[in-house]
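Novice: So I've got this file, start.cif, and it contains mmCIF, C-alpha atoms:
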```cif
data_query
loop_
_atom_site.label_atom_id
_atom_site.label_comp_id
_atom_site.auth_asym_id
_atom_site.auth_seq_id
_atom_site.Cartn_x
_atom_site.Cartn_y
_atom_site.Cartn_z
CA MET S 134 29.10 22.18 36.23
CA THR S 135 28.88 18.99 38.22
CA ARG S 136 28.76 15.62 36.50
CA ARG S 137 25.24 15.01 37.85
CA VAL S 138 23.96 18.32 36.44
CA ALA S 139 25.60 17.62 33.08
CA LEU S 140 23.97 14.20 32.87
CA PHE S 141 20.63 15.76 33.81
CA LEU S 142 20.92 18.37 31.03
CA ILE S 143 21.89 15.70 28.49
CA ALA S 144 18.86 13.63 29.51
CA VAL S 145 16.58 16.67 29.16
CA PHE S 146 18.05 17.36 25.71
CA LEU S 147 17.52 13.79 24.53
CA LEU S 148 13.96 13.67 25.85
CA THR S 149 13.19 17.02 24.21
CA ALA S 150 14.64 15.83 20.89
CA ALA S 151 12.64 12.61 21.11
CA ALA S 152 9.46 14.56 21.82
CA ILE S 153 10.08 16.88 18.87
CA TRP S 154 10.70 13.86 16.58
CA PHE S 155 7.52 12.16 17.83
CA LEU S 156 5.42 15.27 17.18
CA GLN S 157 6.97 16.01 13.80
CA ARG S 158 7.28 12.45 12.44
CA PRO S 159 5.22 11.62 9.33
CA LYS S 160 1.78 10.66 10.54
CA LEU S 161 -0.35 8.10 8.77
CA ALA S 162 -4.03 7.94 9.65
CA PRO S 163 -5.49 4.45 9.97
CA SER S 164 -7.46 5.19 6.80
CA GLY S 165 -4.56 6.80 4.96
CA MET S 166 -2.00 5.84 2.35
CA GLU S 167 1.35 7.36 1.45
CA LEU S 168 3.13 6.97 -1.89
CA THR S 169 6.88 7.59 -2.02
CA ALA S 170 8.74 7.71 -5.33
CA ALA S 171 11.45 5.09 -5.77
CA GLN S 172 13.90 3.85 -8.37
CA PHE S 173 13.57 0.48 -10.06
CA GLY S 174 16.90 -0.42 -8.48
CA ASP S 175 15.23 0.06 -5.07
CA LEU S 176 12.70 -2.71 -5.77
CA PRO S 177 13.88 -5.97 -4.14
CA GLY S 178 14.44 -8.61 -6.81
CA TRP S 179 13.45 -6.36 -9.73
CA ARG S 180 16.51 -7.17 -11.85
CA ALA S 181 15.98 -10.92 -11.52
CA SER S 182 12.20 -10.80 -11.99
CA ASN S 183 10.40 -11.98 -15.10
CA ALA S 184 7.98 -9.33 -16.36
CA ARG S 185 6.90 -11.03 -19.60
CA GLY S 186 3.60 -12.23 -18.17
CA ALA S 187 2.87 -8.74 -16.82
CA LEU S 188 3.61 -7.20 -20.23
CA ALA S 189 1.13 -9.57 -21.90
CA ALA S 190 -1.47 -8.83 -19.21
CA PHE S 191 -0.87 -5.08 -19.53
CA ARG S 192 -1.57 -5.28 -23.28
CA LEU S 193 -5.00 -6.69 -22.44
CA SER S 194 -5.65 -3.88 -19.94
CA CYS S 195 -4.64 -1.32 -22.55
CA GLY S 196 -7.30 -2.78 -24.82
CA ALA S 197 -9.89 -2.15 -22.11
CA LEU S 198 -8.63 1.40 -21.48
CA ALA S 199 -8.80 2.21 -25.19
CA LYS S 200 -12.58 1.78 -25.06
CA LYS S 201 -12.95 4.57 -22.48
CA ALA S 202 -12.93 8.34 -22.87
CA ALA S 203 -9.48 9.88 -22.51
CA SER S 204 -10.86 12.41 -20.00
CA ASP S 205 -12.22 9.72 -17.68
CA GLY S 206 -10.47 9.35 -14.35
CA MET S 207 -8.68 6.07 -13.70
CA GLY S 208 -10.66 5.67 -10.49
CA GLY S 209 -9.40 4.36 -7.19
CA ALA S 210 -8.14 6.96 -4.72
CA GLY S 211 -7.63 9.44 -7.56
CA TYR S 212 -3.84 9.45 -7.69
CA ALA S 213 -3.47 7.74 -11.10
CA GLY S 214 -4.60 10.54 -13.42
CA THR S 215 -6.85 10.06 -16.43
CA VAL S 216 -7.32 7.30 -18.96
CA GLY S 217 -5.59 9.52 -21.53
CA ASP S 218 -2.42 9.56 -19.43
CA TRP S 219 -2.36 5.78 -19.48
CA VAL S 220 -3.18 5.46 -23.15
CA GLU S 221 0.00 7.42 -23.83
CA ALA S 222 1.94 4.68 -22.03
CA CYS S 223 -0.06 2.01 -23.87
CA ASN S 224 0.93 3.57 -27.19
CA GLN S 225 4.55 2.73 -26.39
CA LEU S 226 3.75 -0.99 -26.44
CA SER S 227 4.25 -1.21 -30.19
CA GLY S 228 7.50 -3.00 -30.74
CA ALA S 229 8.13 -3.57 -27.03
CA SER S 230 10.01 -6.85 -26.69
CA ASN S 231 11.96 -6.53 -23.44
CA ALA S 232 9.34 -6.37 -20.69
CA ARG S 233 11.48 -4.91 -17.92
CA GLU S 234 12.90 -2.25 -20.24
CA PHE S 235 9.39 -1.21 -21.32
CA PHE S 236 8.25 -0.63 -17.73
CA GLU S 237 11.54 1.03 -16.73
CA LYS S 238 11.28 3.46 -19.64
CA ASN S 239 7.64 4.43 -19.26
CA PHE S 240 6.87 4.15 -15.54
CA THR S 241 8.05 5.31 -12.13
CA PRO S 242 7.60 3.05 -9.08
CA PHE S 243 6.11 4.33 -5.82
CA ALA S 244 6.33 2.49 -2.52
CA VAL S 245 2.92 2.10 -0.86
CA ARG S 246 2.73 2.69 2.87
CA ALA S 247 -0.49 2.24 4.81
CA ALA S 248 -1.70 1.18 8.21
CA GLY S 249 -3.16 -2.29 8.60
CA ASN S 250 -2.30 -5.76 7.45
CA ARG S 251 0.13 -6.18 4.52
CA LEU S 252 -1.40 -9.46 3.38
CA PHE S 253 -1.20 -11.26 0.05
CA THR S 254 -3.22 -14.35 -0.77
CA GLY S 255 -4.00 -16.34 -3.91
CA TYR S 256 -6.99 -17.58 -5.87
CA TYR S 257 -7.57 -19.95 -8.77
CA GLU S 258 -10.24 -21.29 -11.10
CA PRO S 259 -11.78 -24.47 -9.69
CA GLU S 260 -12.92 -27.23 -12.02
CA LEU S 261 -16.37 -28.73 -11.43
CA ARG S 262 -18.18 -31.78 -12.76
CA ALA S 263 -21.78 -30.98 -13.57
CA SER S 264 -24.88 -31.65 -15.67
CA ARG S 265 -27.21 -29.35 -17.51
CA THR S 266 -30.13 -31.31 -16.06
CA ARG S 267 -30.89 -32.37 -12.50
CA HIS S 268 -30.43 -36.11 -12.04
CA GLY S 269 -28.45 -38.63 -10.02
CA VAL S 270 -25.58 -37.02 -8.09
CA TYR S 271 -26.07 -33.68 -9.85
CA GLN S 272 -28.34 -31.89 -7.38
CA ILE S 273 -26.60 -28.61 -6.45
CA PRO S 274 -27.87 -25.67 -8.54
CA VAL S 275 -25.55 -22.94 -9.79
CA TYR S 276 -27.59 -19.83 -10.58
CA GLY S 277 -27.36 -17.10 -13.15
CA LEU S 278 -28.25 -13.49 -12.35
CA PRO S 279 -31.73 -13.17 -10.81
CA SER S 280 -34.18 -10.96 -12.69
CA ASP S 281 -35.18 -9.16 -9.47
CA LEU S 282 -31.62 -8.38 -8.31
CA VAL S 283 -30.80 -4.66 -8.40
CA SER S 284 -27.16 -3.55 -8.17
CA VAL S 285 -26.43 0.05 -7.22
CA ASP S 286 -23.15 1.87 -7.92
CA LEU S 287 -23.13 4.37 -5.05
CA GLY S 288 -20.32 6.35 -6.67
CA LYS S 289 -22.84 7.65 -9.20
CA PHE S 290 -24.72 9.36 -6.36
CA ARG S 291 -21.84 10.82 -4.33
CA ASP S 292 -18.14 11.17 -5.09
CA GLU S 293 -17.15 9.99 -1.60
CA TRP S 294 -18.90 6.68 -2.29
CA LYS S 295 -16.85 5.83 -5.40
CA GLY S 296 -16.06 2.12 -5.54
CA GLU S 297 -18.90 1.20 -3.20
CA GLN S 298 -21.77 -0.95 -4.42
CA ILE S 299 -24.85 -2.45 -2.81
CA ALA S 300 -27.44 -4.90 -4.10
CA GLY S 301 -30.97 -5.86 -3.18
CA ARG S 302 -34.48 -6.16 -4.55
CA ILE S 303 -37.28 -3.64 -4.98
CA GLU S 304 -40.26 -4.04 -2.65
CA GLY S 305 -42.80 -1.29 -3.17
CA HIS S 306 -40.68 1.80 -3.63
CA LYS S 307 -37.82 0.65 -1.43
CA LEU S 308 -34.60 -1.24 -2.03
CA THR S 309 -34.46 -4.08 0.49
CA PRO S 310 -31.69 -6.63 1.23
CA TYR S 311 -31.57 -9.68 -1.00
CA SER S 312 -31.84 -13.25 0.28
CA THR S 313 -28.93 -14.65 2.29
CA ARG S 314 -27.04 -17.83 1.43
CA ALA S 315 -29.10 -19.76 4.00
CA GLU S 316 -32.38 -18.46 2.56
CA ILE S 317 -31.33 -19.32 -0.99
CA ASP S 318 -30.24 -22.82 0.08
CA ALA S 319 -33.58 -23.36 1.79
CA ARG S 320 -35.98 -21.87 -0.78
CA GLY S 321 -34.08 -21.66 -4.05
CA LEU S 322 -34.32 -18.75 -6.45
CA PRO S 323 -37.44 -18.82 -8.65
CA ASN S 324 -36.34 -15.58 -10.36
CA ALA S 325 -32.91 -16.87 -11.38
CA PRO S 326 -32.00 -19.31 -14.16
CA VAL S 327 -30.23 -22.52 -13.16
CA LEU S 328 -27.10 -22.70 -15.31
CA PHE S 329 -26.24 -26.27 -14.30
CA TYR S 330 -26.32 -28.76 -11.44
CA ALA S 331 -23.11 -29.80 -9.71
CA SER S 332 -22.40 -32.94 -7.71
CA ASP S 333 -20.38 -31.42 -4.85
CA PRO S 334 -21.73 -28.66 -2.57
CA VAL S 335 -18.24 -27.90 -1.23
CA ALA S 336 -16.90 -27.44 -4.78
CA VAL S 337 -19.80 -25.06 -5.52
CA PHE S 338 -19.05 -23.09 -2.36
CA PHE S 339 -15.41 -22.65 -3.40
CA LEU S 340 -16.61 -21.59 -6.86
CA HIS S 341 -18.56 -18.83 -5.09
CA ILE S 342 -15.44 -17.77 -3.19
CA GLN S 343 -13.14 -17.82 -6.22
CA GLY S 344 -15.65 -16.04 -8.45
CA SER S 345 -15.00 -18.03 -11.64
CA GLY S 346 -14.13 -21.53 -12.78
CA ARG S 347 -14.44 -24.19 -15.41
CA VAL S 348 -17.04 -26.89 -15.74
CA ALA S 349 -16.94 -30.32 -17.37
CA PHE S 350 -20.44 -31.56 -18.21
CA ASP S 351 -21.54 -35.18 -18.15
CA ASP S 352 -22.22 -34.98 -21.90
CA GLY S 353 -18.52 -34.37 -22.59
CA SER S 354 -18.78 -30.63 -23.26
CA LYS S 355 -16.92 -27.94 -21.33
CA ALA S 356 -17.53 -24.28 -20.51
CA ARG S 357 -16.29 -21.38 -18.44
CA VAL S 358 -18.35 -20.09 -15.58
CA GLY S 359 -17.73 -16.43 -14.77
CA TYR S 360 -18.83 -13.92 -12.18
CA ALA S 361 -22.09 -12.08 -12.93
CA GLY S 362 -23.09 -10.53 -9.61
CA LYS S 363 -23.66 -10.96 -5.88
CA ASN S 364 -26.56 -10.74 -3.47
CA GLY S 365 -25.02 -7.77 -1.65
CA ARG S 366 -24.80 -9.52 1.70
CA PRO S 367 -21.59 -9.29 3.78
CA TYR S 368 -18.73 -11.67 3.09
CA THR S 369 -17.52 -13.76 6.03
CA ALA S 370 -14.48 -16.00 5.71
CA ILE S 371 -15.56 -19.40 7.01
CA GLY S 372 -11.99 -20.01 8.14
CA ARG S 373 -12.74 -17.44 10.82
CA THR S 374 -15.94 -19.31 11.67
CA LEU S 375 -14.06 -22.58 12.09
CA ILE S 376 -11.44 -20.90 14.29
CA GLU S 377 -14.16 -19.39 16.49
CA ARG S 378 -15.78 -22.82 16.85
CA GLY S 379 -12.47 -24.44 17.75
CA ALA S 380 -12.46 -26.66 14.66
CA LEU S 381 -9.24 -25.12 13.30
CA THR S 382 -6.50 -22.96 14.75
CA LYS S 383 -5.21 -19.67 13.39
CA ASP S 384 -1.94 -21.36 12.44
CA SER S 385 -3.57 -24.33 10.71
CA VAL S 386 -6.32 -22.60 8.75
CA SER S 387 -5.87 -22.73 4.95
CA MET S 388 -8.00 -23.53 1.94
CA PRO S 389 -7.02 -27.23 1.93
CA ALA S 390 -7.67 -27.45 5.68
CA ILE S 391 -11.09 -25.82 5.31
CA ARG S 392 -12.00 -28.11 2.43
CA ALA S 393 -10.86 -31.18 4.36
CA TRP S 394 -12.93 -30.18 7.39
CA LEU S 395 -16.07 -29.59 5.31
CA LYS S 396 -15.64 -32.96 3.61
CA ALA S 397 -15.10 -34.74 6.94
CA HIS S 398 -18.15 -33.09 8.58
CA PRO S 399 -20.95 -33.23 5.98
CA LYS S 400 -23.69 -32.80 8.61
CA ASP S 401 -22.19 -29.53 9.85
CA ALA S 402 -20.70 -28.26 6.59
CA ARG S 403 -23.82 -26.57 5.27
CA ALA S 404 -24.39 -24.55 8.46
CA VAL S 405 -20.74 -23.44 8.45
CA MET S 406 -20.88 -22.38 4.80
CA GLN S 407 -24.07 -20.46 5.50
CA THR S 408 -22.27 -18.23 8.00
CA ASN S 409 -20.99 -16.53 4.85
CA GLN S 410 -24.17 -14.70 3.78
CA SER S 411 -22.62 -13.57 0.50
CA TYR S 412 -23.84 -15.48 -2.57
CA THR S 413 -22.42 -15.31 -6.09
CA PHE S 414 -24.29 -15.52 -9.39
CA PHE S 415 -22.63 -16.64 -12.62
CA ALA S 416 -22.73 -16.64 -16.41
CA LEU S 417 -21.61 -19.39 -18.77
CA SER S 418 -19.31 -18.75 -21.71
CA PRO S 419 -17.47 -20.96 -24.24
CA ALA S 420 -14.45 -22.84 -22.91
CA GLY S 421 -12.19 -20.99 -25.37
CA ASP S 422 -8.42 -21.00 -24.94
CA ALA S 423 -7.58 -23.21 -21.98
CA ALA S 424 -4.40 -21.18 -21.40
CA GLN S 425 -6.37 -18.03 -20.64
CA GLY S 426 -8.30 -17.35 -17.48
CA SER S 427 -11.85 -16.10 -17.18
CA LYS S 428 -12.48 -12.37 -17.33
CA GLY S 429 -11.81 -10.37 -14.18
CA THR S 430 -13.55 -7.21 -13.01
CA GLU S 431 -11.69 -5.16 -15.61
CA GLY S 432 -13.33 -7.25 -18.33
CA VAL S 433 -10.16 -8.86 -19.69
CA ALA S 434 -8.94 -12.45 -19.43
CA LEU S 435 -6.82 -13.07 -16.35
CA THR S 436 -3.21 -14.20 -16.76
CA ALA S 437 -1.89 -16.84 -14.37
CA GLY S 438 0.86 -15.45 -12.17
CA ALA S 439 0.49 -11.96 -13.65
CA SER S 440 -3.02 -10.77 -12.64
CA LEU S 441 -3.78 -9.34 -9.21
CA ALA S 442 -7.07 -8.68 -7.47
CA VAL S 443 -6.91 -5.36 -5.58
CA ASP S 444 -9.13 -2.99 -3.65
CA ASN S 445 -10.24 -0.83 -6.57
CA ARG S 446 -11.50 1.85 -4.22
CA ILE S 447 -7.78 2.57 -3.82
CA HIS S 448 -5.83 1.17 -6.78
CA PRO S 449 -7.28 1.50 -10.31
CA LEU S 450 -7.68 -1.52 -12.55
CA GLY S 451 -5.08 -1.78 -15.28
CA MET S 452 -2.24 -0.56 -13.05
CA PRO S 453 1.08 -2.47 -12.81
CA LEU S 454 2.11 -3.33 -9.25
CA PHE S 455 5.33 -4.91 -8.05
CA LEU S 456 4.78 -7.40 -5.26
CA VAL S 457 7.50 -8.39 -2.78
CA THR S 458 6.44 -11.42 -0.77
CA THR S 459 7.03 -15.19 -0.45
CA LEU S 460 5.46 -18.34 -1.86
CA PRO S 461 4.26 -21.04 0.53
CA GLY S 462 6.15 -24.27 1.05
CA LYS S 463 8.33 -26.14 3.52
CA THR S 464 10.98 -23.57 2.61
CA PRO S 465 9.21 -20.33 1.59
CA LYS S 466 10.55 -18.92 -1.67
CA PRO S 467 10.80 -15.23 -2.59
CA PHE S 468 8.09 -14.00 -4.92
CA HIS S 469 9.23 -10.67 -6.35
CA HIS S 470 6.96 -10.17 -9.29
CA LEU S 471 5.24 -7.57 -11.45
CA LEU S 472 1.49 -8.04 -11.80
CA ILE S 473 -1.40 -6.07 -13.29
CA ALA S 474 -4.48 -5.06 -11.29
CA GLN S 475 -7.29 -6.73 -13.25
CA ASP S 476 -9.72 -8.08 -10.67
CA THR S 477 -11.33 -7.42 -7.29
CA GLY S 478 -12.62 -9.55 -4.42
CA GLY S 479 -14.99 -9.21 -1.49
CA ALA S 480 -12.21 -9.88 1.02
CA ILE S 481 -9.61 -7.70 -0.70
CA ARG S 482 -9.64 -4.50 1.31
CA GLY S 483 -6.73 -2.17 1.96
CA ALA S 484 -3.89 -0.39 0.20
CA VAL S 485 -1.32 -3.16 0.78
CA ARG S 486 -3.57 -6.13 0.09
CA GLY S 487 -3.79 -8.33 -2.96
CA ASP S 488 -4.92 -11.69 -4.29
CA VAL S 489 -2.67 -13.35 -6.91
CA TYR S 490 -4.45 -15.26 -9.68
CA TRP S 491 -2.73 -18.64 -10.21
CA GLY S 492 -4.79 -20.14 -13.04
CA THR S 493 -6.38 -23.58 -12.92
CA GLY S 494 -5.32 -27.11 -12.06
CA ALA S 495 -3.83 -28.87 -9.04
CA GLU S 496 -0.72 -26.69 -8.72
CA ALA S 497 -2.77 -23.49 -8.98
CA GLU S 498 -5.10 -24.77 -6.28
CA ARG S 499 -2.14 -25.67 -4.06
CA LEU S 500 -0.53 -22.25 -4.38
CA ALA S 501 -3.79 -20.37 -3.96
CA GLY S 502 -4.86 -22.46 -0.99
CA ALA S 503 -1.62 -22.11 0.91
CA MET S 504 -0.65 -18.52 0.09
CA LYS S 505 -1.04 -16.18 3.05
CA SER S 506 2.07 -14.00 3.11
CA GLN S 507 3.08 -10.60 4.41
CA GLY S 508 4.78 -8.35 1.90
CA GLU S 509 5.46 -4.98 0.33
CA LEU S 510 3.77 -3.32 -2.62
CA TYR S 511 4.91 -0.78 -5.20
CA VAL S 512 2.62 0.87 -7.75
CA LEU S 513 3.95 1.86 -11.18
CA LEU S 514 2.69 5.15 -12.56
CA PRO S 515 3.25 6.59 -16.06
CA ASN S 516 6.11 9.07 -15.91
CA LYS S 517 3.78 11.98 -16.73
CA ILE S 518 1.61 11.22 -13.69
CA ALA S 519 4.66 10.53 -11.53
CA ALA S 520 6.09 13.97 -12.32
CA LYS S 521 2.86 15.64 -11.18
CA LEU S 522 2.69 13.54 -8.04
CA GLY S 523 6.20 14.35 -6.92
CA SER S 524 8.41 12.44 -4.52
CA GLY S 525 5.75 11.75 -1.93
CA LYS S 526 2.03 12.17 -1.36
CA ALA S 527 -0.44 11.21 1.34
CA PHE S 528 -4.01 10.22 0.53
CA LYS S 529 -7.01 10.04 2.82
CA LEU S 530 -8.92 6.85 2.15
CA LYS S 531 -12.36 5.69 3.20
#
```
Could I get this file's structure written as structure tokens?

Specialist:
Amino acid sequence: MTRRVALFLIAVFLLTAAAIWFLQRPKLAPSGMELTAAQFGDLPGWRASNARGALAAFRLSCGALAKKAASDGMGGAGYAGTVGDWVEACNQLSGASNAREFFEKNFTPFAVRAAGNRLFTGYYEPELRASRTRHGVYQIPVYGLPSDLVSVDLGKFRDEWKGEQIAGRIEGHKLTPYSTRAEIDARGLPNAPVLFYASDPVAVFFLHIQGSGRVAFDDGSKARVGYAGKNGRPYTAIGRTLIERGALTKDSVSMPAIRAWLKAHPKDARAVMQTNQSYTFFALSPAGDAAQGSKGTEGVALTAGASLAVDNRIHPLGMPLFLVTTLPGKTPKPFHHLLIAQDTGGAIRGAVRGDVYWGTGAEAERLAGAMKSQGELYVLLPNKIAAKLGSGKAFKLK
């Protein structure tokens, strides 16, 4: 055999092997997710992480799960079993003092793999100054839930629509879209109670984005303001609007940069904010313990640095997730942390996507405003569910 022929045959062999690998490699549809079982020792930074906050947050989630029927599914993409499976893990909380040991003993981690952006951001509870009556600088209304707003859980009509909701108003015998942000700004909401009047339209807009906050009234009293519902219109990040208009660049856009631009351009700010048609309605509650956050979608108080907003069409609320990412700063710092899925958000879509709750105050606002990091995500499943799932499983998502 000549050297040229030998090289030709080797090349054919390598190309054939490459073709076979390409055809047989694990395929992941754009709308799919794969879970692969791992060991806690495989999780970057697990041994050095502090899981005490997650343990406290998980106790709250267990309280919410205890109110449900044991046979109920956990929701999400359907991989997390039933509420009863999780209550078994919750029952092991009694006497648990070492957080990492508790999760290591009762859970198995699974690496999440999915197509799309692996993005992790942050949110916080803004603090507003307001008045219960309209006077002076207090002119911006914050509305409660309108009496004519109808919210529809589509999952109750078809299984394939689980996790999807729409909202609107009834006109005749038809459900029609509710008013947009621009329409509400222009005409108000006669069918909604005004909870209070704020002094800063930009602060109110960020309250809408964050979904909850705290308010200090001009009479010296304080209260929490929590999410009650939305108008059902699509959410548009105004950072994208400002990039498209050339006001900010992709590299410079952040919450502080957006806020600064809105403040510096008061004549244009309203029109920019109105490009986000989504509008949030709220409910007031007592100020309570200042150390606790407002209630998230799961119905429990959020824990700063230990609660995560997720896409609950995929990941069920109450689930522990280990996040491997970085914190913003001149020198980014590793953030390898266990959190509990306890909230959702209009912009939180995807299997490897999350929004870390940072609490309230200046530092929380700084972290939330600057956080925009790529990362990895692991879900923790009770050992009983993990054994049924096996070492790997692919899921078709919406």

Novice: Hey, what comes out of the PyMOL selection byres ((chain S and resi 387) around 10) on this file? Could you write it as a list in words?

Specialist: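 Evaluating the PyMOL selection byres ((chain S and resi 387) around 10) on these coordinates yields Gly372, Leu381, Thr382, Lys383, Asp384, Ser385, Val386, Met388, Pro389, Ala390, Ile391, Arg392, Ala393, Ala501, Gly502, Ala503, Met504 and Lys505 of chain S.
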
Novice: Enter the distance from atom CA of Ala244 of chain S to atom CA of Ser230 of chain S, in Å, rounded to one decimal.

Specialist: 26.2 Å

Novice: Name the residues captured by the PyMOL selection byres ((chain S and resi 435-452) around 6) when it is applied to the shown file; answer as an mmCIF file with C-alpha atoms, in the coordinates of the input.

Specialist:
```
data_model
loop_
_atom_site.group_PDB
_atom_site.id
_atom_site.type_symbol
_atom_site.label_atom_id
_atom_site.label_comp_id
_atom_site.auth_asym_id
_atom_site.auth_seq_id
_atom_site.Cartn_x
_atom_site.Cartn_y
_atom_site.Cartn_z
ATOM 1 C CA GLY S 186 3.600 -12.230 -18.170
ATOM 2 C CA ALA S 187 2.870 -8.740 -16.820
ATOM 3 C CA SER S 194 -5.650 -3.880 -19.940
ATOM 4 C CA MET S 207 -8.680 6.070 -13.700
ATOM 5 C CA GLY S 208 -10.660 5.670 -10.490
ATOM 6 C CA GLY S 209 -9.400 4.360 -7.190
ATOM 7 C CA ALA S 210 -8.140 6.960 -4.720
ATOM 8 C CA GLY S 296 -16.060 2.120 -5.540
ATOM 9 C CA GLY S 426 -8.300 -17.350 -17.480
ATOM 10 C CA SER S 427 -11.850 -16.100 -17.180
ATOM 11 C CA LYS S 428 -12.480 -12.370 -17.330
ATOM 12 C CA ALA S 434 -8.940 -12.450 -19.430
ATOM 13 C CA PRO S 453 1.080 -2.470 -12.810
ATOM 14 C CA LEU S 472 1.490 -8.040 -11.800
ATOM 15 C CA ILE S 473 -1.400 -6.070 -13.290
ATOM 16 C CA ALA S 474 -4.480 -5.060 -11.290
ATOM 17 C CA GLN S 475 -7.290 -6.730 -13.250
ATOM 18 C CA ASP S 476 -9.720 -8.080 -10.670
ATOM 19 C CA THR S 477 -11.330 -7.420 -7.290
ATOM 20 C CA ILE S 481 -9.610 -7.700 -0.700
ATOM 21 C CA ARG S 482 -9.640 -4.500 1.310
ATOM 22 C CA GLY S 487 -3.790 -8.330 -2.960
ATOM 23 C CA ASP S 488 -4.920 -11.690 -4.290
ATOM 24 C CA VAL S 489 -2.670 -13.350 -6.910
ATOM 25 C CA TYR S 490 -4.450 -15.260 -9.680
ATOM 26 C CA TRP S 491 -2.730 -18.640 -10.210
ATOM 27 C CA GLY S 492 -4.790 -20.140 -13.040
#
```

Novice: Check the smallest atom-to-atom distance from each of S:Val433, S:Ile518, S:Ile342, S:Ala181 to Phe468 of chain S using all atoms listed in the file, then report the winner.

Specialist: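 Ranking S:Val433, S:Ile518, S:Ile342, S:Ala181 by distance to Phe468 of chain S, first place goes to S:Ala181.
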
Novice: I'd like to see the residues matched by the PyMOL selection byres ((chain S and resi 308) around 12) on this file, and ideally I'd get them as a ChimeraX atom specification.

Specialist: /S:281-285,299-307,309-311,365

Novice: Just the number, please: distance in Å from atom CA of Asn250 of chain S to atom CA of Gly508 of chain S, one decimal.

Specialist: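 Rounded to one decimal, the two atoms are 9.4 Å apart.
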
Novice: Could you check the closest approach to Phe236 of chain S for each of S:Phe253, S:Phe455, S:Trp394, S:Phe350 and tell me which residue wins, using only C-alpha atoms?

Specialist: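 Of the candidates, the smallest distance to Phe236 of chain S is held by S:Phe455.
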
Novice: Quick one: pull the distance between atom CA of Glu377 of chain S and atom CA of Gly479 of chain S, Å, one decimal.

Specialist: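 These two atoms are separated by 20.7 Å.
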
Novice: Pick the closest to Arg265 of chain S from S:Val327, S:Ala247, S:Leu454, S:Ile317: which is it, counting only C-alpha atoms?

Specialist: S:Val327

Novice: Please determine, counting only C-alpha atoms, which residue among S:Gly432, S:Gly478, S:Pro465, S:Gly362 has the shortest atom-to-atom distance to Ser280 of chain S.

Specialist: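 Smallest distance to Ser280 of chain S is found for S:Gly362.
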
Novice: Find the residue from S:Arg378, S:Leu168, S:Tyr360, S:Asp318 that sits nearest to Arg246 of chain S; use all atoms listed in the file when measuring.

Specialist: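 For Arg246 of chain S, the nearest of the given residues is S:Leu168.
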